[in-house]
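Enquirer: Could you have a look at this structure, given as structure tokens, before my questions?
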Amino acid sequence: MFEPAEPPNPFQGVPGVSDEPTTEPLQNDDLAAVERLKDAFDKLKQEMSKVIVGQQAVLEELLIGIFARGHCLLIGVPGLAKTLMIHTLADALNLSYNRIQFTPDLMPSDITGTEVIQEDKATGVRQFKFLRGPIFANIVLADEINRTPPKTQAALLEAMQERQVTVGGERHRLPDPFFVLATQNPIEQEGTYPLPEAQLDRFMLNILVDYPDEDEELEIVRLTTSLQKPNVTKVLSGADILELQEIVRKVPVADHVSRYAVKITRMTRREKGDVPDFIRDYVSWGAGPRASQFLVLAAKARAVLYGRYYVSTEDIRAVAGPVLRHRIVTNFNAEAEGLKPDDIVQRLIKAAPIDEHEAEQSGKLPKIFKSANAS
């Protein structure tokens, strides 16, 4: 197999910026796996398009979350096929799947499982036995996650972060791979319990599902008002996904790309360092270090899904919206002017120089691209 050419480094020769990737270069077997992952990505999109019309950006972000080993939160008004999309993804993957419909009376044990007393008919001995809840599946659909109180929402925290649940002082490992794909309705707020920031931060991506265009909506009507029932073929198994997730982690990232991701994250914190004026005006709280980690991981997955063996700053910009939009808390000024976190992210992308030429146009290089001895 041919060796891919090294990507150009826009910061080559800039003091304080390393030209070396932060991980070892991919080997020949890994390069073949990258090609296999891209083929799997194309096949998954093809299978899901049998049921889901349009929404290509949503499907791409959903698959980025899967291959980057992250959880996703899908936000959209009712009727946009959020639940159907996740169900179709589960059909296209040879994985176990459970749906949990969140309601105000749902208890934590309804999700994680509970211990019951069972009697051995032969010996008459009674003992506790753990009955697993619906969270014990590879793909868990948390439907309308903001419909249940914080006590039950918190039952997902340990599962999402540690990939285990603890019941009766005993830990129970969840199956691997494990994904929580949650949906949320943004317009109906009566009787809902907004997710706290600590739980929102557990979701790698916040994916916005928008209305289809006219042609797509016409095709949706044709598909759903006939007797036609598409048959979705399974593309990947759990073992395949675990292997491909490992390949994503191996993708090399040049130091200037990682610094670019960190710079964007740090620019959201109004109380730290030199930040743009619009951050001080419109942002109450910025993103934490987990945002920097997820920016790089999501960018790695996106690069591989497009058949590239390296990560560029373009990948960072492409995933900045879904990674940051739920980690930026805007204030009253932003609300009064109709500014949303996505607007803040777009301004951040424009404010952060992406190469030496842009930095020179702005009159000076950012501090993160200067060495300690540079003036």
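As shown in the structure tokens, the chain order sets the letters A, B, ...; within each chain, residues go from 1, and ligands are also counted from 1 in the order they appear.
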Which of region 155-237 of chain A counts as helix (DSSP H, G or I) under DSSP, as a PyMOL selection string please?
Expert: chain A and resi 155-162+197-200+214-224
Enquirer: Write out as a ChimeraX atom specification all residues of region 129-311 of chain A that backbone DSSP assigns to strand (DSSP E).
Expert: /A:129-132,139-143,164-167,170-173,179-184,205-208,236-237,283-285
Enquirer: Pick from A:Ile66, A:Ala351, A:Ala334, A:Ala137: nearest to Tyr97 (chain A), with only C-alpha atoms counted?
Expert: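 Nearest candidate to Tyr97 (chain A) out of A:Ile66, A:Ala351, A:Ala334, A:Ala137: A:Ala137.
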Enquirer: Write out as a ChimeraX atom specification the residues lying within 10 Å of region 122-131 of chain A, counting only C-alpha atoms and excluding same-chain residues fewer than 5 positions away.
Expert: /A:109,112-117,167-168,170,172
Enquirer: Output N, CA, C and O atoms for every residue in the selection just made, as a compact mmCIF listing (two decimals), in the first residue's frame.
Expert:
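New file selection38.txt:
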```txt
# COMPACT_ATOMS: atom_id res chain seq x y z
N SER A 109 -34.10 3.07 39.49
CA SER A 109 -34.04 1.61 39.37
C SER A 109 -34.73 1.12 38.10
O SER A 109 -34.46 0.01 37.63
N THR A 112 -31.50 1.43 35.75
CA THR A 112 -30.30 0.63 36.06
C THR A 112 -30.65 -0.82 36.39
O THR A 112 -29.82 -1.73 36.17
N GLY A 113 -31.83 -1.07 36.94
CA GLY A 113 -32.17 -2.40 37.41
C GLY A 113 -32.28 -2.41 38.92
O GLY A 113 -31.97 -1.41 39.59
N THR A 114 -32.70 -3.52 39.48
CA THR A 114 -32.90 -3.60 40.92
C THR A 114 -32.64 -5.01 41.41
O THR A 114 -32.56 -5.96 40.62
N GLU A 115 -32.50 -5.14 42.74
CA GLU A 115 -32.31 -6.44 43.35
C GLU A 115 -33.63 -6.95 43.91
O GLU A 115 -34.38 -6.19 44.55
N VAL A 116 -33.91 -8.20 43.67
CA VAL A 116 -35.13 -8.83 44.18
C VAL A 116 -34.73 -10.09 44.94
O VAL A 116 -33.67 -10.69 44.70
N ILE A 117 -35.58 -10.50 45.87
CA ILE A 117 -35.34 -11.72 46.62
C ILE A 117 -35.94 -12.90 45.87
O ILE A 117 -37.12 -12.89 45.50
N VAL A 167 -25.35 -1.12 42.16
CA VAL A 167 -26.62 -1.41 42.82
C VAL A 167 -26.32 -2.30 44.01
O VAL A 167 -25.66 -3.34 43.89
N GLY A 168 -26.79 -1.90 45.19
CA GLY A 168 -26.56 -2.69 46.39
C GLY A 168 -25.09 -2.84 46.72
O GLY A 168 -24.68 -3.87 47.28
N GLU A 170 -22.70 -3.27 44.71
CA GLU A 170 -21.99 -4.12 43.75
C GLU A 170 -21.99 -3.46 42.38
O GLU A 170 -23.01 -2.95 41.91
N HIS A 172 -21.71 -3.38 38.31
CA HIS A 172 -22.08 -4.22 37.18
C HIS A 172 -21.60 -3.51 35.91
O HIS A 172 -22.03 -2.38 35.62
```
Enquirer: What does the distance from CA of Val323 (chain A) to CA of Ile86 (chain A) come to in Å, to one decimal?
Expert: 19.1 Å
Enquirer: Which residues are close to Ala182 (chain A), i.e. within 10 Å by only C-alpha atoms, leaving aside same-chain residues fewer than 6 positions away? Reply as a list in words.
Expert: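 The neighbour list is His71, Cys72, Leu73, Leu74, Ile75, Lys82, Thr83, Ile86, Arg99, Ile100, Val140, Leu141, Ala142, Asp143, Glu144, Ile145, Asn146, Phe203 and Asn206 of chain A.
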Enquirer: Kindly save the residues from that selection, with all heavy atoms included, as a compact mmCIF listing (two decimals), in the first residue's frame.
Expert:
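Saved result, selection_35.txt, follows:
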```txt
# COMPACT_ATOMS: atom_id res chain seq x y z
N HIS A 71 -21.14 9.94 23.64
CA HIS A 71 -22.60 9.95 23.72
C HIS A 71 -23.12 11.20 23.01
O HIS A 71 -22.44 12.23 22.95
CB HIS A 71 -23.05 9.95 25.18
CG HIS A 71 -22.42 8.88 26.01
ND1 HIS A 71 -22.70 7.55 25.84
CD2 HIS A 71 -21.49 8.94 27.00
CE1 HIS A 71 -22.01 6.84 26.71
NE2 HIS A 71 -21.26 7.66 27.42
N CYS A 72 -24.34 11.12 22.48
CA CYS A 72 -24.90 12.22 21.69
C CYS A 72 -26.27 12.62 22.20
O CYS A 72 -27.06 11.77 22.64
CB CYS A 72 -25.01 11.82 20.21
SG CYS A 72 -23.44 11.39 19.43
N LEU A 73 -26.53 13.92 22.14
CA LEU A 73 -27.84 14.48 22.49
C LEU A 73 -28.43 15.12 21.24
O LEU A 73 -27.84 16.05 20.68
CB LEU A 73 -27.68 15.52 23.60
CG LEU A 73 -28.95 16.26 24.04
CD1 LEU A 73 -29.96 15.30 24.65
CD2 LEU A 73 -28.61 17.37 25.04
N LEU A 74 -29.58 14.60 20.78
CA LEU A 74 -30.24 15.12 19.58
C LEU A 74 -31.37 16.04 20.02
O LEU A 74 -32.26 15.63 20.78
CB LEU A 74 -30.79 13.99 18.72
CG LEU A 74 -29.81 13.25 17.81
CD1 LEU A 74 -28.89 12.35 18.61
CD2 LEU A 74 -30.54 12.44 16.75
N ILE A 75 -31.34 17.27 19.54
CA ILE A 75 -32.34 18.27 19.90
C ILE A 75 -33.09 18.71 18.65
O ILE A 75 -32.48 19.11 17.65
CB ILE A 75 -31.70 19.46 20.60
CG1 ILE A 75 -31.08 19.03 21.93
CG2 ILE A 75 -32.72 20.57 20.84
CD1 ILE A 75 -30.47 20.15 22.73
N LYS A 82 -36.16 11.94 15.04
CA LYS A 82 -35.00 11.74 15.91
C LYS A 82 -34.96 10.30 16.43
O LYS A 82 -33.93 9.63 16.37
CB LYS A 82 -35.04 12.73 17.07
CG LYS A 82 -35.03 14.19 16.66
CD LYS A 82 -34.97 15.10 17.87
CE LYS A 82 -36.18 15.00 18.78
NZ LYS A 82 -37.45 15.38 18.11
N THR A 83 -36.10 9.85 16.95
CA THR A 83 -36.17 8.48 17.47
C THR A 83 -35.97 7.47 16.35
O THR A 83 -35.25 6.48 16.51
CB THR A 83 -37.53 8.26 18.16
OG1 THR A 83 -37.67 9.20 19.23
CG2 THR A 83 -37.62 6.85 18.72
N ILE A 86 -32.26 7.06 15.37
CA ILE A 86 -31.46 6.25 16.29
C ILE A 86 -31.84 4.78 16.14
O ILE A 86 -30.97 3.89 16.15
CB ILE A 86 -31.65 6.73 17.73
CG1 ILE A 86 -31.10 8.16 17.88
CG2 ILE A 86 -30.95 5.80 18.71
CD1 ILE A 86 -31.38 8.79 19.22
N ARG A 99 -34.83 1.07 24.24
CA ARG A 99 -35.37 2.42 24.29
C ARG A 99 -35.99 2.66 25.66
O ARG A 99 -36.74 1.81 26.16
CB ARG A 99 -36.44 2.62 23.21
CG ARG A 99 -37.17 3.95 23.33
CD ARG A 99 -38.26 4.07 22.28
NE ARG A 99 -39.06 5.28 22.47
CZ ARG A 99 -40.07 5.64 21.69
NH1 ARG A 99 -40.41 4.87 20.67
NH2 ARG A 99 -40.73 6.75 21.92
N ILE A 100 -35.66 3.79 26.27
CA ILE A 100 -36.23 4.19 27.56
C ILE A 100 -37.02 5.47 27.33
O ILE A 100 -36.45 6.50 26.95
CB ILE A 100 -35.15 4.43 28.62
CG1 ILE A 100 -34.23 3.20 28.76
CG2 ILE A 100 -35.78 4.76 29.96
CD1 ILE A 100 -33.05 3.44 29.67
N VAL A 140 -28.45 2.73 23.87
CA VAL A 140 -29.59 3.07 24.72
C VAL A 140 -30.17 4.40 24.23
O VAL A 140 -29.48 5.41 24.20
CB VAL A 140 -29.17 3.19 26.19
CG1 VAL A 140 -30.35 3.66 27.04
CG2 VAL A 140 -28.63 1.86 26.71
N LEU A 141 -31.42 4.35 23.81
CA LEU A 141 -32.13 5.56 23.40
C LEU A 141 -32.85 6.14 24.62
O LEU A 141 -33.78 5.54 25.15
CB LEU A 141 -33.13 5.25 22.29
CG LEU A 141 -34.15 6.35 21.97
CD1 LEU A 141 -33.46 7.65 21.61
CD2 LEU A 141 -35.08 5.90 20.85
N ALA A 142 -32.38 7.28 25.09
CA ALA A 142 -33.03 8.00 26.19
C ALA A 142 -33.97 9.02 25.58
O ALA A 142 -33.59 10.14 25.28
CB ALA A 142 -31.98 8.67 27.08
N ASP A 143 -35.21 8.61 25.36
CA ASP A 143 -36.17 9.42 24.62
C ASP A 143 -36.77 10.49 25.53
O ASP A 143 -37.30 10.19 26.61
CB ASP A 143 -37.28 8.53 24.05
CG ASP A 143 -37.77 9.03 22.70
OD1 ASP A 143 -37.29 10.09 22.26
OD2 ASP A 143 -38.61 8.36 22.10
N GLU A 144 -36.69 11.75 25.08
CA GLU A 144 -37.18 12.91 25.84
C GLU A 144 -36.59 12.90 27.25
O GLU A 144 -37.30 12.86 28.25
CB GLU A 144 -38.71 12.92 25.89
CG GLU A 144 -39.35 13.14 24.53
CD GLU A 144 -40.85 13.37 24.63
OE1 GLU A 144 -41.57 12.39 24.85
OE2 GLU A 144 -41.27 14.53 24.50
N ILE A 145 -35.27 12.99 27.29
CA ILE A 145 -34.53 12.84 28.55
C ILE A 145 -34.89 13.94 29.55
O ILE A 145 -34.72 13.75 30.77
CB ILE A 145 -33.02 12.82 28.26
CG1 ILE A 145 -32.24 12.39 29.50
CG2 ILE A 145 -32.53 14.16 27.73
CD1 ILE A 145 -30.77 12.17 29.25
N ASN A 146 -35.37 15.08 29.08
CA ASN A 146 -35.72 16.17 30.01
C ASN A 146 -37.14 16.03 30.57
O ASN A 146 -37.64 16.94 31.21
CB ASN A 146 -35.56 17.53 29.32
CG ASN A 146 -36.44 17.66 28.09
OD1 ASN A 146 -36.79 16.66 27.45
ND2 ASN A 146 -36.81 18.88 27.74
N PHE A 203 -22.26 14.52 27.46
CA PHE A 203 -22.55 14.26 26.05
C PHE A 203 -21.44 14.86 25.20
O PHE A 203 -21.15 16.06 25.29
CB PHE A 203 -23.90 14.85 25.67
CG PHE A 203 -25.08 14.10 26.23
CD1 PHE A 203 -25.72 14.54 27.37
CD2 PHE A 203 -25.53 12.95 25.61
CE1 PHE A 203 -26.79 13.85 27.89
CE2 PHE A 203 -26.61 12.24 26.14
CZ PHE A 203 -27.24 12.69 27.27
N ASN A 206 -23.76 17.71 20.86
CA ASN A 206 -25.12 18.21 20.91
C ASN A 206 -25.54 18.45 19.46
O ASN A 206 -25.08 19.41 18.82
CB ASN A 206 -25.19 19.49 21.73
CG ASN A 206 -26.60 20.03 21.88
OD1 ASN A 206 -27.44 19.84 21.02
ND2 ASN A 206 -26.85 20.72 22.96
```
Enquirer: Quick one: residues within 8 Å of region 277-292 of chain A, only C-alpha atoms, excluding same-chain residues fewer than 3 positions away - as a ChimeraX atom specification?
Expert: /A:201,261-262,265-271,295-296,323-324,327-334,344
Enquirer: Find the residue from A:Ile220, A:Asp240, A:Glu60, A:Tyr309 that sits nearest to Leu89 (chain A); use only C-alpha atoms when measuring.
Expert: A:Glu60
Enquirer: Which of these residues is nearest to Val58 (chain A), using only C-alpha atoms: A:Leu181, A:Leu106, A:Val209, A:Leu157?
Expert: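 Result for the nearest residue to Val58 (chain A): A:Val209.
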Enquirer: Do a neighbour search on Pro196 (chain A) at 10 Å with only C-alpha atoms, toss out local chain neighbours closer than 6 positions, and write the hits as a compact mmCIF listing (two decimals) with C-alpha atoms, in the first residue's frame.
Expert:
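New file result.txt:
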```txt
# COMPACT_ATOMS: atom_id res chain seq x y z
CA ASN A 146 -35.72 16.17 30.01
CA PRO A 150 -32.96 15.15 38.14
CA GLN A 153 -31.40 11.83 35.09
CA ALA A 154 -28.47 11.40 37.48
```
Enquirer: So that I can see what lies close to Asp315 (chain A), please list as a list in words the residues with an atom at most 8 Å from it, counting only C-alpha atoms and leaving out residues fewer than 6 positions away in the same chain.
Expert: Ala299, Lys300, Arg302 and Ala303 of chain A
Enquirer: Work out how far CA of Pro212 (chain A) is from CA of Ser226 (chain A), in Å to one decimal.
Expert: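 Separation between CA of Ser226 (chain A) and CA of Pro212 (chain A): 19.6 Å.
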Enquirer: A:Gln164, A:Asn231, A:Ser237, A:Ser312: which is nearest Val253 (chain A), counting only C-alpha atoms?
Expert: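 Checking each candidate against Val253 (chain A), we get A:Ser312 as the closest.
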